[in-house]
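First up is the structure itself, then whatever we jot down about it.
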Amino acid sequence: MTLDVFLESDEGFDREEVERALARNGVPADATVTTADGGEASVSLDDDGSVIEIESLTPEVAQIMFDVARTARLAILPADGTPTALVAGEAAVPNELKPVQVDSAAELFESLRRSEELRGARSA
């Protein structure tokens with residue numbers, strides 16, 4: 001089972017900024033990435049945000065997501081049924097969601113592991 005994660009902002013989405021942040025991490029837009037630690041995720045972009053379908057969550061996958069979200073000022077919205085948005089740095093969060101600050105990729109990894117448990121997905 002995958003965990004879908006949305007990266008978006010209530011103040012707009014800068015696709016070029018996201019593509020630059022992904023490229024700095026060696027990830028092309030609209031591709032599947034496999035990390036050295038066994039992580040796997042599919043990344044897709046549109047004009048409103050990014051969707052990351054995590055097949056196997058690992059610290060390296062979380063690091064890429066943390067870097068992209070922080071750089072592009074996007075909220076991290078795991079599709080886990082909770083009304084929360086994970087925030088790495090500054091991001092405009094939709095009013096109906098509670099912002100939860102994550103100060104490192106390690107914190108994001110742990111938050112996403114909890115989301116996986118809620119959804120019944122698996123980590124590497």
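Ordering of the structure tokens sets the chain letters (A, B, ...); residue numbers start at 1 within each chain; ligands are numbered from 1 in the order shown.
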Pick out the residues sitting within 9 Å of Ala88 in chain A, and hand them over as a PDB file with C-alpha atoms, in the first residue's frame; count only C-alpha atoms, and ignore anything fewer than 3 positions along from it in its own chain.
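Full text of around_15.pdb as output:
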ATOM      1  CA  PHE A  66      11.808  17.993   3.484  1.00  0.00           C
ATOM      2  CA  ASP A  67      14.234  19.844   1.221  1.00  0.00           C
ATOM      3  CA  ALA A  69       8.960  21.562   0.896  1.00  0.00           C
ATOM      4  CA  ARG A  70      11.297  23.902   2.795  1.00  0.00           C
ATOM      5  CA  THR A  71      12.843  25.385  -0.344  1.00  0.00           C
ATOM      6  CA  ARG A  73       7.601  26.892   0.981  1.00  0.00           C
ATOM      7  CA  LEU A  74       5.072  24.095   0.621  1.00  0.00           C
ATOM      8  CA  ALA A  75       2.989  22.365   3.250  1.00  0.00           C
ATOM      9  CA  ILE A  76       3.298  18.579   3.411  1.00  0.00           C
ATOM     10  CA  ALA A  91       4.368  27.500   4.238  1.00  0.00           C
ATOM     11  CA  VAL A 100       2.524  20.907  12.690  1.00  0.00           C
ATOM     12  CA  GLN A 101       6.108  22.147  12.517  1.00  0.00           C
ATOM     13  CA  VAL A 102       8.783  19.628  11.513  1.00  0.00           C
ATOM     14  CA  ASP A 103      12.290  20.979  12.034  1.00  0.00           C
ATOM     15  CA  SER A 104      14.289  18.236  10.345  1.00  0.00           C
ATOM     16  CA  ALA A 105      14.045  15.441   7.826  1.00  0.00           C
ATOM     17  CA  LEU A 108       9.355  14.411   8.937  1.00  0.00           C
TER      18      LEU A 108
END
8 Å contact set for range 60-62 of chain A, only C-alpha atoms, chain neighbours under 4 positions out, as number ranges by chain: A: 35-37, 39-41, 66, 105-106, 108-109
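Near Glu55 in chain A, within 12 Å and counting only C-alpha atoms, sit Met1, Thr2, Leu3, Asp4, Val5, Thr32, Val33, Thr34, Thr35, Gly38, Gly39, Glu40, Ala41, Ser42, Val43, Ile52, Thr58, Val61, Glu116, Ala121, Arg122, Ser123 and Ala124 of chain A, not including residues fewer than 3 positions from it in the same chain.
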Those in chain A with alpha helix (DSSP H) from DSSP, as a ChimeraX atom specification: /A:15-24,59-72,105-119
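From CA of Val68 in chain A back to CA of Asn95 in chain A, the distance works out to 22.0 Å.
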Shell of 9 Å around Pro94 in chain A, only C-alpha atoms, local chain residues under 5 positions omitted, as a PyMOL selection string: chain A and resi 9-10+75+85+99
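Rounded to one decimal, CA of Leu22 in chain A and CA of Ser115 in chain A lie 22.8 Å from each other.
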Selected residue of minimal separation from Ser111 in chain A among A:Ala92, A:Ile64, A:Leu57, A:Ala72, counting only C-alpha atoms: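 Of A:Ala92, A:Ile64, A:Leu57, A:Ala72, the one nearest Ser111 in chain A is A:Leu57, counting only C-alpha atoms.
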All strand (DSSP E or B) positions in chain A, as a PyMOL selection string: chain A and resi 3-8+31-34+40-45+50-57+75-78+84-87+98-101+123
Hey, can you spit out that residue selection with C-alpha atoms as a short mmCIF file (atom, residue, chain, number, x, y, z; two decimals), in the first residue's frame?
data_model
loop_
_atom_site.label_atom_id
_atom_site.label_comp_id
_atom_site.auth_asym_id
_atom_site.auth_seq_id
_atom_site.Cartn_x
_atom_site.Cartn_y
_atom_site.Cartn_z
CA LEU A 3 1.12 6.64 1.19
CA ASP A 4 0.12 9.63 -0.92
CA VAL A 5 1.60 12.95 0.17
CA PHE A 6 0.66 16.30 -1.33
CA LEU A 7 3.01 19.30 -1.37
CA GLU A 8 1.07 22.53 -1.80
CA ALA A 31 9.53 10.33 -12.24
CA THR A 32 10.00 7.46 -9.84
CA VAL A 33 12.95 7.80 -7.52
CA THR A 34 14.77 4.96 -5.81
CA GLU A 40 10.95 4.42 -3.52
CA ALA A 41 8.51 7.16 -4.45
CA SER A 42 6.81 8.49 -7.56
CA VAL A 43 6.81 12.25 -7.97
CA SER A 44 4.35 14.11 -10.17
CA LEU A 45 3.80 17.83 -10.63
CA SER A 50 3.02 18.00 -6.26
CA VAL A 51 1.93 14.48 -5.41
CA ILE A 52 4.41 12.00 -4.00
CA GLU A 53 3.28 8.39 -3.90
CA ILE A 54 5.54 6.68 -1.40
CA GLU A 55 6.02 2.98 -2.06
CA SER A 56 8.75 2.57 0.55
CA LEU A 57 9.43 5.34 3.08
CA ALA A 75 2.99 22.37 3.25
CA ILE A 76 3.30 18.58 3.41
CA LEU A 77 -0.14 16.97 3.45
CA PRO A 78 -0.13 13.21 4.03
CA THR A 84 -2.90 18.25 9.84
CA ALA A 85 -0.31 19.81 7.57
CA LEU A 86 3.38 19.24 8.21
CA VAL A 87 5.41 22.42 7.81
CA LYS A 98 -3.71 22.32 11.79
CA PRO A 99 -0.05 23.18 11.04
CA VAL A 100 2.52 20.91 12.69
CA GLN A 101 6.11 22.15 12.52
CA SER A 123 8.26 1.47 5.52
#
Computed interatomic separation between CA of Arg20 in chain A and CA of Glu90 in chain A (Å): 17.9 Å
Shell of 9 Å around Asp14 in chain A, only C-alpha atoms, local chain residues under 5 positions omitted, as a PyMOL selection string: chain A and resi 19+47-49+72
